[in-house]
Amino acid sequence: MDYQSSQHRIPIATGGELNLTRFHPERIHGLPILCWHGAIESGRIFHSRSGKGMAPWLARQGHEVMVIDQRGRGSASPRPARGVSFSQREVVIDEVAAALAACLNLSGQSRCHVMAHSWGGVLIAAHLARFPGSRERIASQVYFGTKRRVRVQNPSKWLYIDLIWKGLAPLARRVCGYLPARSLRWGSDDEYAASHADSVAWVRETAWRDPEDDFDYVAALAQGGLPPTLHLAGHRDRALGHPRDVARFVEECGPHRHVLRVLGRENGQGRDYGHLDMLTHPDAVKDVYPQALAWCQAHQN
């Protein structure tokens, strides 16, 4: 099935804008799907410049797909720089609400599905904790490698989380005024200073509380939890979304209909997946994408 793509700018009242890439198929089946990327990356995790990736694949199955670039990511402005920064709380409160509204307005629907990669799922869940009314606008969710705390202990965790994310990255942030993840080859996009500092606190702290107003996300999610959510973890993901840490995040999200699946050979996939390749590897088209779509299709009503 053919589709068209278009770009939409979504201004944010507190400054800057989101970029929304819309994949619009000729014939639409079911509700739209809103895609949200993780830290030090952009919406490109869901679609390549050559037309590959999950978003184009979903569009070819007949779903309208809206891929978000957060402020400062992809072509969304303003770019991270010294003196130009937004906090994680502003993403949770302002950006997620604006993206949901834009997705529903563009599609003409009253509900949508949400797919989020890595830290993007933490931000979406935090929004749903603060704004329970948003849960009624989301029919189902798929979280890819989403964790908040990292409690596993292995060399990959010590390198990527302890040394880089919590050690070298704050140093680079203080020197540059933002986290230059692209030039350091730590990620595909840069990060605002305040947003990175907030994420470090959430990874480190046992309690899931907002650093600005002390809002208790776990207590809020205990009252109803998330919409039906498929939590996917990579069998080969040793630190950024280890299956045990993903399972801990499931528990933090309160009572909700959910399934946790580990993507690997022992569970029927053709390979053992890691943190990024569950979305980017060519084999994900047959191993991963259909599972996510089937979850959405099972929760259309």
# chains A, B, ... in the order shown; residues from 1 in each chain; ligands from 1
>>> residues_around(residues="Gln70 of chain A", least_positions_apart="3", cutoff="7 Å", atoms="only C-alpha atoms", output="number ranges by chain")
A: 18-19, 73, 76
>>> residues_around(residues="Ala239 of chain A", least_positions_apart="5", cutoff="9 Å", atoms="only C-alpha atoms", output="ChimeraX atom specification")
/A:150-158,160-161,245,275
>>> atom_distance(atom1="atom CA of Leu123 of chain A", atom2="atom CA of Arg148 of chain A")
9.7 Å
>>> residues_around(residues="Leu100 of chain A", least_positions_apart="4", cutoff="8 Å", atoms="only C-alpha atoms", output="PDB file with N, CA and C atoms, in the first residue's frame")
ATOM      1  N   LEU A  34       1.061   7.245  17.244  1.00  0.00           N
ATOM      2  CA  LEU A  34       1.998   8.311  17.591  1.00  0.00           C
ATOM      3  C   LEU A  34       3.298   7.678  18.076  1.00  0.00           C
ATOM      4  N   VAL A  96       4.328  16.384  25.288  1.00  0.00           N
ATOM      5  CA  VAL A  96       3.489  15.206  25.066  1.00  0.00           C
ATOM      6  C   VAL A  96       2.045  15.625  24.831  1.00  0.00           C
ATOM      7  N   LEU A 104      -4.313  13.723  17.083  1.00  0.00           N
ATOM      8  CA  LEU A 104      -5.755  13.517  17.001  1.00  0.00           C
ATOM      9  C   LEU A 104      -6.411  14.529  16.066  1.00  0.00           C
TER      10      LEU A 104
END
>>> closest_residue(among="A:Leu260, A:Leu293, A:Leu276, A:Val92", to="Phe131 of chain A", atoms="only C-alpha atoms")
A:Val92
>>> closest_residue(among="A:Met66, A:Ala169, A:Val142, A:Ala197", to="Phe86 of chain A", atoms="only C-alpha atoms")
A:Ala197
>>> select_by_dssp(residues="segment 65-104 of chain A", states="alpha helix (DSSP H)", output="list in words")
Gln88, Arg89, Glu90, Val96, Ala97, Ala98, Ala99, Leu100, Ala101, Ala102, Cys103 and Leu104 of chain A
>>> select_by_dssp(residues="segment 162-269 of chain A", states="strand (DSSP E)", output="list in words")
Tyr178, Leu179, Glu191, Tyr192, Thr229, Leu230, His231, Leu232, Ala233, Gly234, His258, Val259, Leu260, Arg261, Val262 and Leu263 of chain A
>>> closest_residue(among="A:Arg236, A:Arg244, A:His8, A:His258", to="Leu106 of chain A", atoms="only C-alpha atoms")
A:His8
>>> residues_around(residues="Ala55 of chain A", least_positions_apart="4", cutoff="12 Å", atoms="only C-alpha atoms", output="mmCIF file with all heavy atoms, in the first residue's frame")
data_model
loop_
_atom_site.group_PDB
_atom_site.id
_atom_site.type_symbol
_atom_site.label_atom_id
_atom_site.label_comp_id
_atom_site.auth_asym_id
_atom_site.auth_seq_id
_atom_site.Cartn_x
_atom_site.Cartn_y
_atom_site.Cartn_z
ATOM 1 N N TYR A 3 1.822 5.333 0.459
ATOM 2 C CA TYR A 3 1.540 6.360 1.461
ATOM 3 C C TYR A 3 2.236 7.649 1.054
ATOM 4 O O TYR A 3 3.156 7.662 0.223
ATOM 5 C CB TYR A 3 2.014 5.920 2.849
ATOM 6 C CG TYR A 3 3.509 5.737 2.949
ATOM 7 C CD1 TYR A 3 4.354 6.822 3.257
ATOM 8 C CD2 TYR A 3 4.099 4.503 2.733
ATOM 9 C CE1 TYR A 3 5.719 6.662 3.342
ATOM 10 C CE2 TYR A 3 5.479 4.336 2.818
ATOM 11 C CZ TYR A 3 6.279 5.413 3.114
ATOM 12 O OH TYR A 3 7.645 5.268 3.191
ATOM 13 N N GLN A 4 1.798 8.745 1.636
ATOM 14 C CA GLN A 4 2.437 10.036 1.463
ATOM 15 C C GLN A 4 3.002 10.475 2.803
ATOM 16 O O GLN A 4 2.455 10.127 3.851
ATOM 17 C CB GLN A 4 1.443 11.081 0.944
ATOM 18 C CG GLN A 4 0.912 10.796 -0.445
ATOM 19 C CD GLN A 4 -0.060 11.867 -0.907
ATOM 20 O OE1 GLN A 4 -0.652 12.574 -0.096
ATOM 21 N NE2 GLN A 4 -0.228 11.976 -2.217
ATOM 22 N N SER A 5 4.072 11.252 2.780
ATOM 23 C CA SER A 5 4.621 11.783 4.024
ATOM 24 C C SER A 5 4.660 13.302 3.951
ATOM 25 O O SER A 5 4.805 13.883 2.868
ATOM 26 C CB SER A 5 6.029 11.232 4.284
ATOM 27 O OG SER A 5 6.923 11.638 3.271
ATOM 28 N N THR A 21 6.433 14.202 11.662
ATOM 29 C CA THR A 21 6.458 13.596 10.328
ATOM 30 C C THR A 21 5.250 12.679 10.219
ATOM 31 O O THR A 21 5.109 11.728 10.991
ATOM 32 C CB THR A 21 7.748 12.809 10.096
ATOM 33 O OG1 THR A 21 8.874 13.673 10.287
ATOM 34 C CG2 THR A 21 7.790 12.253 8.684
ATOM 35 N N ARG A 22 4.393 12.997 9.264
ATOM 36 C CA ARG A 22 3.126 12.271 9.108
ATOM 37 C C ARG A 22 3.214 11.313 7.926
ATOM 38 O O ARG A 22 3.548 11.711 6.812
ATOM 39 C CB ARG A 22 1.990 13.264 8.893
ATOM 40 C CG ARG A 22 0.602 12.660 8.785
ATOM 41 C CD ARG A 22 -0.401 13.747 8.417
ATOM 42 N NE ARG A 22 -1.784 13.276 8.461
ATOM 43 C CZ ARG A 22 -2.823 13.984 7.998
ATOM 44 N NH1 ARG A 22 -2.608 15.200 7.476
ATOM 45 N NH2 ARG A 22 -4.049 13.493 8.056
ATOM 46 N N PHE A 23 2.912 10.053 8.177
ATOM 47 C CA PHE A 23 2.836 9.026 7.135
ATOM 48 C C PHE A 23 1.362 8.698 6.925
ATOM 49 O O PHE A 23 0.706 8.155 7.817
ATOM 50 C CB PHE A 23 3.623 7.779 7.546
ATOM 51 C CG PHE A 23 5.101 8.026 7.705
ATOM 52 C CD1 PHE A 23 5.617 8.535 8.895
ATOM 53 C CD2 PHE A 23 5.981 7.763 6.664
ATOM 54 C CE1 PHE A 23 6.976 8.767 9.046
ATOM 55 C CE2 PHE A 23 7.346 7.996 6.810
ATOM 56 C CZ PHE A 23 7.839 8.504 7.999
ATOM 57 N N HIS A 24 0.861 9.047 5.747
ATOM 58 C CA HIS A 24 -0.579 8.982 5.482
ATOM 59 C C HIS A 24 -0.843 7.982 4.352
ATOM 60 O O HIS A 24 -0.569 8.264 3.185
ATOM 61 C CB HIS A 24 -1.100 10.366 5.093
ATOM 62 C CG HIS A 24 -2.586 10.454 4.994
ATOM 63 N ND1 HIS A 24 -3.400 10.587 6.097
ATOM 64 C CD2 HIS A 24 -3.417 10.410 3.924
ATOM 65 C CE1 HIS A 24 -4.656 10.643 5.708
ATOM 66 N NE2 HIS A 24 -4.690 10.533 4.399
ATOM 67 N N PRO A 25 -1.378 6.792 4.673
ATOM 68 C CA PRO A 25 -1.623 5.788 3.622
ATOM 69 C C PRO A 25 -2.850 6.138 2.784
ATOM 70 O O PRO A 25 -3.690 6.941 3.182
ATOM 71 C CB PRO A 25 -1.858 4.506 4.425
ATOM 72 C CG PRO A 25 -2.376 4.966 5.736
ATOM 73 C CD PRO A 25 -1.718 6.293 6.014
ATOM 74 N N PRO A 32 -4.804 6.070 14.469
ATOM 75 C CA PRO A 32 -3.447 6.543 14.187
ATOM 76 C C PRO A 32 -2.467 6.080 15.259
ATOM 77 O O PRO A 32 -2.862 5.718 16.372
ATOM 78 C CB PRO A 32 -3.601 8.066 14.197
ATOM 79 C CG PRO A 32 -4.768 8.315 15.101
ATOM 80 C CD PRO A 32 -5.710 7.165 14.857
ATOM 81 N N ILE A 33 -1.184 6.107 14.914
ATOM 82 C CA ILE A 33 -0.127 5.681 15.823
ATOM 83 C C ILE A 33 0.846 6.845 16.000
ATOM 84 O O ILE A 33 1.391 7.359 15.021
ATOM 85 C CB ILE A 33 0.607 4.443 15.289
ATOM 86 C CG1 ILE A 33 -0.380 3.275 15.143
ATOM 87 C CG2 ILE A 33 1.758 4.060 16.216
ATOM 88 C CD1 ILE A 33 0.207 2.050 14.456
ATOM 89 N N LEU A 34 1.061 7.245 17.244
ATOM 90 C CA LEU A 34 1.998 8.311 17.591
ATOM 91 C C LEU A 34 3.298 7.678 18.076
ATOM 92 O O LEU A 34 3.285 6.850 18.994
ATOM 93 C CB LEU A 34 1.401 9.199 18.681
ATOM 94 C CG LEU A 34 2.276 10.350 19.199
ATOM 95 C CD1 LEU A 34 2.487 11.392 18.104
ATOM 96 C CD2 LEU A 34 1.640 10.989 20.432
ATOM 97 N N CYS A 35 4.434 8.058 17.468
ATOM 98 C CA CYS A 35 5.730 7.468 17.803
ATOM 99 C C CYS A 35 6.610 8.490 18.501
ATOM 100 O O CYS A 35 6.743 9.631 18.032
ATOM 101 C CB CYS A 35 6.427 6.964 16.544
ATOM 102 S SG CYS A 35 5.552 5.626 15.694
ATOM 103 N N TRP A 36 7.259 8.072 19.597
ATOM 104 C CA TRP A 36 8.063 8.971 20.432
ATOM 105 C C TRP A 36 9.441 8.361 20.660
ATOM 106 O O TRP A 36 9.567 7.230 21.114
ATOM 107 C CB TRP A 36 7.366 9.179 21.779
ATOM 108 C CG TRP A 36 7.807 10.430 22.470
ATOM 109 C CD1 TRP A 36 8.914 10.590 23.249
ATOM 110 C CD2 TRP A 36 7.161 11.702 22.421
ATOM 111 N NE1 TRP A 36 8.997 11.888 23.697
ATOM 112 C CE2 TRP A 36 7.927 12.597 23.214
ATOM 113 C CE3 TRP A 36 6.007 12.177 21.800
ATOM 114 C CZ2 TRP A 36 7.580 13.930 23.378
ATOM 115 C CZ3 TRP A 36 5.657 13.508 21.971
ATOM 116 C CH2 TRP A 36 6.439 14.365 22.754
ATOM 117 N N HIS A 37 10.477 9.121 20.363
ATOM 118 C CA HIS A 37 11.842 8.618 20.467
ATOM 119 C C HIS A 37 12.388 8.762 21.891
ATOM 120 O O HIS A 37 11.757 9.331 22.775
ATOM 121 C CB HIS A 37 12.750 9.357 19.484
ATOM 122 C CG HIS A 37 12.848 10.838 19.746
ATOM 123 N ND1 HIS A 37 13.642 11.363 20.735
ATOM 124 C CD2 HIS A 37 12.241 11.902 19.149
ATOM 125 C CE1 HIS A 37 13.530 12.677 20.739
ATOM 126 N NE2 HIS A 37 12.685 13.038 19.794
ATOM 127 N N GLY A 43 13.305 11.243 15.977
ATOM 128 C CA GLY A 43 12.299 10.365 15.397
ATOM 129 C C GLY A 43 12.842 9.451 14.323
ATOM 130 O O GLY A 43 12.136 8.525 13.887
ATOM 131 N N ARG A 44 14.089 9.688 13.887
ATOM 132 C CA ARG A 44 14.688 8.835 12.866
ATOM 133 C C ARG A 44 14.827 7.389 13.318
ATOM 134 O O ARG A 44 15.041 6.500 12.485
ATOM 135 C CB ARG A 44 16.057 9.388 12.462
ATOM 136 C CG ARG A 44 15.981 10.601 11.566
ATOM 137 C CD ARG A 44 15.446 10.247 10.192
ATOM 138 N NE ARG A 44 15.359 11.409 9.309
ATOM 139 C CZ ARG A 44 14.787 11.397 8.131
ATOM 140 N NH1 ARG A 44 14.257 10.267 7.667
ATOM 141 N NH2 ARG A 44 14.743 12.482 7.389
ATOM 142 N N ILE A 45 14.726 7.119 14.599
ATOM 143 C CA ILE A 45 14.755 5.733 15.057
ATOM 144 C C ILE A 45 13.594 4.945 14.466
ATOM 145 O O ILE A 45 13.656 3.726 14.339
ATOM 146 C CB ILE A 45 14.730 5.663 16.614
ATOM 147 C CG1 ILE A 45 15.022 4.242 17.115
ATOM 148 C CG2 ILE A 45 13.403 6.149 17.165
ATOM 149 C CD1 ILE A 45 16.450 3.818 16.956
ATOM 150 N N PHE A 46 12.522 5.662 14.050
ATOM 151 C CA PHE A 46 11.334 5.022 13.482
ATOM 152 C C PHE A 46 11.283 5.087 11.954
ATOM 153 O O PHE A 46 10.427 4.443 11.355
ATOM 154 C CB PHE A 46 10.068 5.663 14.042
ATOM 155 C CG PHE A 46 9.843 5.409 15.497
ATOM 156 C CD1 PHE A 46 10.141 6.372 16.447
ATOM 157 C CD2 PHE A 46 9.326 4.196 15.938
ATOM 158 C CE1 PHE A 46 9.927 6.144 17.800
ATOM 159 C CE2 PHE A 46 9.113 3.948 17.284
ATOM 160 C CZ PHE A 46 9.415 4.925 18.225
ATOM 161 N N HIS A 47 12.139 5.879 11.316
ATOM 162 C CA HIS A 47 12.102 5.953 9.850
ATOM 163 C C HIS A 47 13.433 6.471 9.323
ATOM 164 O O HIS A 47 13.979 7.456 9.832
ATOM 165 C CB HIS A 47 10.949 6.848 9.371
ATOM 166 C CG HIS A 47 11.063 8.282 9.763
ATOM 167 N ND1 HIS A 47 11.399 9.283 8.875
ATOM 168 C CD2 HIS A 47 10.876 8.906 10.959
ATOM 169 C CE1 HIS A 47 11.404 10.452 9.496
ATOM 170 N NE2 HIS A 47 11.098 10.252 10.762
ATOM 171 N N SER A 48 13.947 5.796 8.310
ATOM 172 C CA SER A 48 15.208 6.205 7.704
ATOM 173 C C SER A 48 14.941 7.127 6.518
ATOM 174 O O SER A 48 13.827 7.223 6.012
ATOM 175 C CB SER A 48 15.996 4.977 7.235
ATOM 176 O OG SER A 48 15.360 4.395 6.108
ATOM 177 N N ARG A 49 15.975 7.789 6.070
ATOM 178 C CA ARG A 49 15.843 8.671 4.902
ATOM 179 C C ARG A 49 15.550 7.894 3.629
ATOM 180 O O ARG A 49 15.044 8.456 2.655
ATOM 181 C CB ARG A 49 17.116 9.506 4.739
ATOM 182 C CG ARG A 49 17.267 10.563 5.823
ATOM 183 C CD ARG A 49 18.565 11.342 5.692
ATOM 184 N NE ARG A 49 18.625 12.431 6.659
ATOM 185 C CZ ARG A 49 18.983 12.296 7.928
ATOM 186 N NH1 ARG A 49 19.318 11.083 8.377
ATOM 187 N NH2 ARG A 49 19.007 13.321 8.750
ATOM 188 N N GLY A 51 13.397 5.491 3.483
ATOM 189 C CA GLY A 51 12.036 4.953 3.535
ATOM 190 C C GLY A 51 11.897 3.637 4.267
ATOM 191 O O GLY A 51 10.856 2.971 4.155
ATOM 192 N N ALA A 59 2.660 2.371 7.918
ATOM 193 C CA ALA A 59 1.853 3.077 6.919
ATOM 194 C C ALA A 59 1.479 2.144 5.775
ATOM 195 O O ALA A 59 0.345 2.197 5.261
ATOM 196 C CB ALA A 59 2.607 4.294 6.407
ATOM 197 N N ARG A 60 2.400 1.275 5.393
ATOM 198 C CA ARG A 60 2.083 0.332 4.312
ATOM 199 C C ARG A 60 1.055 -0.700 4.746
ATOM 200 O O ARG A 60 0.402 -1.317 3.903
ATOM 201 C CB ARG A 60 3.366 -0.356 3.828
ATOM 202 C CG ARG A 60 4.268 0.565 3.001
ATOM 203 C CD ARG A 60 5.367 -0.217 2.306
ATOM 204 N NE ARG A 60 6.360 -0.704 3.247
ATOM 205 C CZ ARG A 60 7.451 -0.025 3.597
ATOM 206 N NH1 ARG A 60 7.672 1.187 3.090
ATOM 207 N NH2 ARG A 60 8.324 -0.541 4.442
ATOM 208 N N GLN A 61 0.886 -0.882 6.066
ATOM 209 C CA GLN A 61 -0.164 -1.779 6.568
ATOM 210 C C GLN A 61 -1.499 -1.046 6.709
ATOM 211 O O GLN A 61 -2.493 -1.648 7.127
ATOM 212 C CB GLN A 61 0.233 -2.384 7.918
ATOM 213 C CG GLN A 61 1.639 -2.905 8.017
ATOM 214 C CD GLN A 61 2.040 -3.809 6.876
ATOM 215 O OE1 GLN A 61 1.336 -4.765 6.540
ATOM 216 N NE2 GLN A 61 3.181 -3.506 6.254
ATOM 217 N N GLY A 62 -1.517 0.253 6.404
ATOM 218 C CA GLY A 62 -2.759 1.003 6.418
ATOM 219 C C GLY A 62 -2.991 1.872 7.638
ATOM 220 O O GLY A 62 -4.093 2.372 7.833
ATOM 221 N N HIS A 63 -1.940 2.087 8.451
ATOM 222 C CA HIS A 63 -2.093 2.932 9.638
ATOM 223 C C HIS A 63 -1.474 4.305 9.400
ATOM 224 O O HIS A 63 -0.363 4.412 8.876
ATOM 225 C CB HIS A 63 -1.437 2.283 10.861
ATOM 226 C CG HIS A 63 -2.279 1.224 11.491
ATOM 227 N ND1 HIS A 63 -3.159 1.475 12.516
ATOM 228 C CD2 HIS A 63 -2.386 -0.101 11.210
ATOM 229 C CE1 HIS A 63 -3.762 0.346 12.863
ATOM 230 N NE2 HIS A 63 -3.315 -0.615 12.085
ATOM 231 N N GLU A 64 -2.203 5.349 9.794
ATOM 232 C CA GLU A 64 -1.638 6.686 9.769
ATOM 233 C C GLU A 64 -0.673 6.803 10.948
ATOM 234 O O GLU A 64 -1.019 6.477 12.080
ATOM 235 C CB GLU A 64 -2.746 7.725 9.881
ATOM 236 C CG GLU A 64 -2.292 9.134 9.627
ATOM 237 C CD GLU A 64 -3.447 10.106 9.490
ATOM 238 O OE1 GLU A 64 -4.572 9.762 9.904
ATOM 239 O OE2 GLU A 64 -3.206 11.210 8.980
ATOM 240 N N VAL A 65 0.548 7.261 10.662
ATOM 241 C CA VAL A 65 1.603 7.281 11.669
ATOM 242 C C VAL A 65 2.132 8.703 11.814
ATOM 243 O O VAL A 65 2.388 9.383 10.818
ATOM 244 C CB VAL A 65 2.760 6.325 11.296
ATOM 245 C CG1 VAL A 65 3.780 6.258 12.433
ATOM 246 C CG2 VAL A 65 2.230 4.931 10.979
ATOM 247 N N MET A 66 2.282 9.158 13.057
ATOM 248 C CA MET A 66 2.828 10.478 13.357
ATOM 249 C C MET A 66 4.095 10.292 14.199
ATOM 250 O O MET A 66 4.026 9.812 15.337
ATOM 251 C CB MET A 66 1.826 11.308 14.150
ATOM 252 C CG MET A 66 0.385 11.175 13.692
ATOM 253 S SD MET A 66 -0.020 12.288 12.373
ATOM 254 C CE MET A 66 -1.806 12.005 12.245
ATOM 255 N N VAL A 67 5.251 10.658 13.652
ATOM 256 C CA VAL A 67 6.525 10.510 14.346
ATOM 257 C C VAL A 67 6.980 11.880 14.848
ATOM 258 O O VAL A 67 7.079 12.828 14.070
ATOM 259 C CB VAL A 67 7.607 9.909 13.427
ATOM 260 C CG1 VAL A 67 8.921 9.770 14.192
ATOM 261 C CG2 VAL A 67 7.152 8.556 12.887
ATOM 262 N N ILE A 68 7.234 11.959 16.136
ATOM 263 C CA ILE A 68 7.599 13.230 16.768
ATOM 264 C C ILE A 68 9.116 13.366 16.894
ATOM 265 O O ILE A 68 9.813 12.410 17.236
ATOM 266 C CB ILE A 68 6.965 13.329 18.172
ATOM 267 C CG1 ILE A 68 5.435 13.430 18.063
ATOM 268 C CG2 ILE A 68 7.537 14.504 18.961
ATOM 269 C CD1 ILE A 68 4.946 14.709 17.414
ATOM 270 N N VAL A 114 0.151 4.570 20.933
ATOM 271 C CA VAL A 114 1.450 5.197 21.154
ATOM 272 C C VAL A 114 2.529 4.121 21.106
ATOM 273 O O VAL A 114 2.379 3.052 21.708
ATOM 274 C CB VAL A 114 1.500 5.924 22.509
ATOM 275 C CG1 VAL A 114 2.928 6.333 22.859
ATOM 276 C CG2 VAL A 114 0.602 7.154 22.492
ATOM 277 N N MET A 115 3.605 4.414 20.366
ATOM 278 C CA MET A 115 4.797 3.569 20.383
ATOM 279 C C MET A 115 5.965 4.436 20.803
ATOM 280 O O MET A 115 6.158 5.531 20.254
ATOM 281 C CB MET A 115 5.046 2.942 19.010
ATOM 282 C CG MET A 115 3.963 1.972 18.587
ATOM 283 S SD MET A 115 4.413 1.086 17.061
ATOM 284 C CE MET A 115 2.942 0.057 16.847
ATOM 285 N N ALA A 116 6.738 3.976 21.769
ATOM 286 C CA ALA A 116 7.846 4.779 22.304
ATOM 287 C C ALA A 116 9.083 3.913 22.459
ATOM 288 O O ALA A 116 8.995 2.762 22.900
ATOM 289 C CB ALA A 116 7.458 5.384 23.648
ATOM 290 N N LEU A 279 14.382 -1.971 16.461
ATOM 291 C CA LEU A 279 13.664 -1.104 15.528
ATOM 292 C C LEU A 279 14.380 -0.943 14.197
ATOM 293 O O LEU A 279 13.733 -0.656 13.188
ATOM 294 C CB LEU A 279 13.447 0.283 16.149
ATOM 295 C CG LEU A 279 12.364 0.388 17.214
ATOM 296 C CD1 LEU A 279 12.367 1.770 17.847
ATOM 297 C CD2 LEU A 279 10.983 0.080 16.620
ATOM 298 N N THR A 280 15.703 -1.101 14.162
ATOM 299 C CA THR A 280 16.464 -0.743 12.969
ATOM 300 C C THR A 280 16.986 -1.916 12.150
ATOM 301 O O THR A 280 17.332 -1.739 10.985
ATOM 302 C CB THR A 280 17.665 0.138 13.363
ATOM 303 O OG1 THR A 280 18.528 -0.602 14.241
ATOM 304 C CG2 THR A 280 17.195 1.418 14.060
ATOM 305 N N VAL A 285 11.556 -6.378 10.675
ATOM 306 C CA VAL A 285 10.333 -6.314 9.859
ATOM 307 C C VAL A 285 9.484 -7.567 10.054
ATOM 308 O O VAL A 285 8.255 -7.497 10.087
ATOM 309 C CB VAL A 285 10.692 -6.121 8.378
ATOM 310 C CG1 VAL A 285 9.458 -6.233 7.498
ATOM 311 C CG2 VAL A 285 11.362 -4.770 8.171
ATOM 312 N N TYR A 289 8.113 -5.899 14.251
ATOM 313 C CA TYR A 289 7.029 -5.015 13.826
ATOM 314 C C TYR A 289 5.650 -5.691 13.881
ATOM 315 O O TYR A 289 4.687 -5.080 14.363
ATOM 316 C CB TYR A 289 7.270 -4.499 12.410
ATOM 317 C CG TYR A 289 8.509 -3.657 12.215
ATOM 318 C CD1 TYR A 289 8.844 -3.193 10.946
ATOM 319 C CD2 TYR A 289 9.357 -3.314 13.271
ATOM 320 C CE1 TYR A 289 9.985 -2.412 10.733
ATOM 321 C CE2 TYR A 289 10.495 -2.549 13.068
ATOM 322 C CZ TYR A 289 10.807 -2.104 11.788
ATOM 323 O OH TYR A 289 11.924 -1.335 11.587
ATOM 324 N N ALA A 292 4.164 -5.688 17.409
ATOM 325 C CA ALA A 292 3.669 -4.384 17.842
ATOM 326 C C ALA A 292 2.337 -4.056 17.184
ATOM 327 O O ALA A 292 1.406 -3.573 17.836
ATOM 328 C CB ALA A 292 4.711 -3.307 17.522
ATOM 329 N N LEU A 293 2.243 -4.325 15.881
ATOM 330 C CA LEU A 293 0.993 -4.036 15.166
ATOM 331 C C LEU A 293 -0.151 -4.905 15.680
ATOM 332 O O LEU A 293 -1.274 -4.423 15.859
ATOM 333 C CB LEU A 293 1.195 -4.255 13.672
ATOM 334 C CG LEU A 293 -0.043 -4.017 12.796
ATOM 335 C CD1 LEU A 293 -0.599 -2.612 12.982
ATOM 336 C CD2 LEU A 293 0.283 -4.291 11.329
#
>>> residues_around(residues="Leu263 of chain A", least_positions_apart="3", cutoff="10 Å", atoms="only C-alpha atoms", output="compact mmCIF listing (two decimals) with N, CA, C and O atoms, in the first residue's frame")
# COMPACT_ATOMS: atom_id res chain seq x y z
N LEU A 232 8.48 -4.45 25.35
CA LEU A 232 9.43 -5.29 24.64
C LEU A 232 10.85 -5.00 25.12
O LEU A 232 11.23 -3.84 25.27
N ALA A 233 11.61 -6.05 25.35
CA ALA A 233 13.00 -5.92 25.78
C ALA A 233 13.87 -6.80 24.90
O ALA A 233 13.43 -7.87 24.45
N GLY A 234 15.09 -6.37 24.64
CA GLY A 234 16.01 -7.15 23.82
C GLY A 234 16.79 -8.14 24.66
O GLY A 234 17.36 -7.78 25.70
N HIS A 235 16.85 -9.37 24.22
CA HIS A 235 17.60 -10.40 24.94
C HIS A 235 19.07 -10.04 25.05
O HIS A 235 19.73 -10.35 26.05
N ARG A 236 19.60 -9.30 24.05
CA ARG A 236 21.01 -8.93 24.01
C ARG A 236 21.26 -7.53 24.56
O ARG A 236 22.39 -7.03 24.51
N ASP A 237 20.23 -6.90 25.09
CA ASP A 237 20.38 -5.55 25.65
C ASP A 237 20.92 -5.69 27.07
O ASP A 237 20.21 -6.07 28.00
N PRO A 243 16.25 -6.71 30.16
CA PRO A 243 14.93 -7.25 30.49
C PRO A 243 14.55 -7.13 31.96
O PRO A 243 13.38 -6.88 32.28
N LEU A 260 4.97 -8.52 28.85
CA LEU A 260 6.41 -8.27 28.71
C LEU A 260 7.01 -9.40 27.89
O LEU A 260 6.88 -10.58 28.25
N GLU A 266 15.40 -17.66 21.73
CA GLU A 266 14.69 -18.62 22.58
C GLU A 266 13.19 -18.35 22.64
O GLU A 266 12.43 -19.21 23.08
N ASN A 267 12.78 -17.17 22.18
CA ASN A 267 11.36 -16.84 22.16
C ASN A 267 10.79 -16.74 20.75
O ASN A 267 9.73 -16.15 20.53
N GLY A 268 11.52 -17.32 19.79
CA GLY A 268 10.97 -17.45 18.45
C GLY A 268 11.46 -16.45 17.43
O GLY A 268 11.11 -16.56 16.24
N GLN A 269 12.27 -15.48 17.84
CA GLN A 269 12.81 -14.53 16.87
C GLN A 269 14.04 -15.13 16.17
O GLN A 269 14.64 -16.08 16.67
N GLY A 270 14.40 -14.55 15.05
CA GLY A 270 15.51 -15.08 14.28
C GLY A 270 16.87 -14.70 14.81
O GLY A 270 17.88 -15.23 14.36
N ARG A 271 16.91 -13.76 15.76
CA ARG A 271 18.17 -13.31 16.34
C ARG A 271 17.90 -12.76 17.73
O ARG A 271 16.74 -12.54 18.10
N ASP A 272 18.96 -12.56 18.50
CA ASP A 272 18.85 -11.92 19.80
C ASP A 272 19.00 -10.41 19.59
O ASP A 272 20.04 -9.94 19.11
N TYR A 273 17.98 -9.65 19.98
CA TYR A 273 17.96 -8.22 19.71
C TYR A 273 18.57 -7.42 20.85
O TYR A 273 18.53 -7.83 22.01
N GLY A 274 19.13 -6.25 20.49
CA GLY A 274 19.66 -5.32 21.46
C GLY A 274 18.74 -4.13 21.62
O GLY A 274 17.53 -4.21 21.38
N MET A 278 16.19 -3.56 17.65
CA MET A 278 14.80 -4.04 17.68
C MET A 278 13.91 -3.18 16.79
O MET A 278 12.83 -3.61 16.38
N ALA A 284 13.89 -7.06 11.88
CA ALA A 284 12.80 -6.59 12.75
C ALA A 284 11.48 -6.51 11.99
O ALA A 284 10.40 -6.57 12.60
N ASP A 287 10.33 -9.98 12.67
CA ASP A 287 10.42 -10.46 14.05
C ASP A 287 9.70 -9.57 15.06
O ASP A 287 9.16 -10.07 16.05
N VAL A 288 9.73 -8.25 14.83
CA VAL A 288 9.29 -7.30 15.85
C VAL A 288 8.06 -6.50 15.43
O VAL A 288 7.08 -6.42 16.17
>>> closest_residue(among="A:Pro80, A:Arg130, A:Arg261, A:Thr14", to="Asp213 of chain A", atoms="only C-alpha atoms")
A:Arg130
>>> closest_atom_pairs(of="segment 86-146 of chain A", to="segment 38-41 of chain A", cutoff="7 Å", atoms="only C-alpha atoms", output="Markdown table")
| residue | atom | partner | partner_atom | distance |
| --- | --- | --- | --- | --- |
| A:His117 | CA | A:Gly38 | CA | 5.4 |
| A:Ser118 | CA | A:Gly38 | CA | 5.1 |
| A:Trp119 | CA | A:Gly38 | CA | 4.4 |
| A:Gly120 | CA | A:Gly38 | CA | 4.2 |
>>> atom_distance(atom1="atom CA of Arg185 of chain A", atom2="atom CA of Val91 of chain A")
23.9 Å
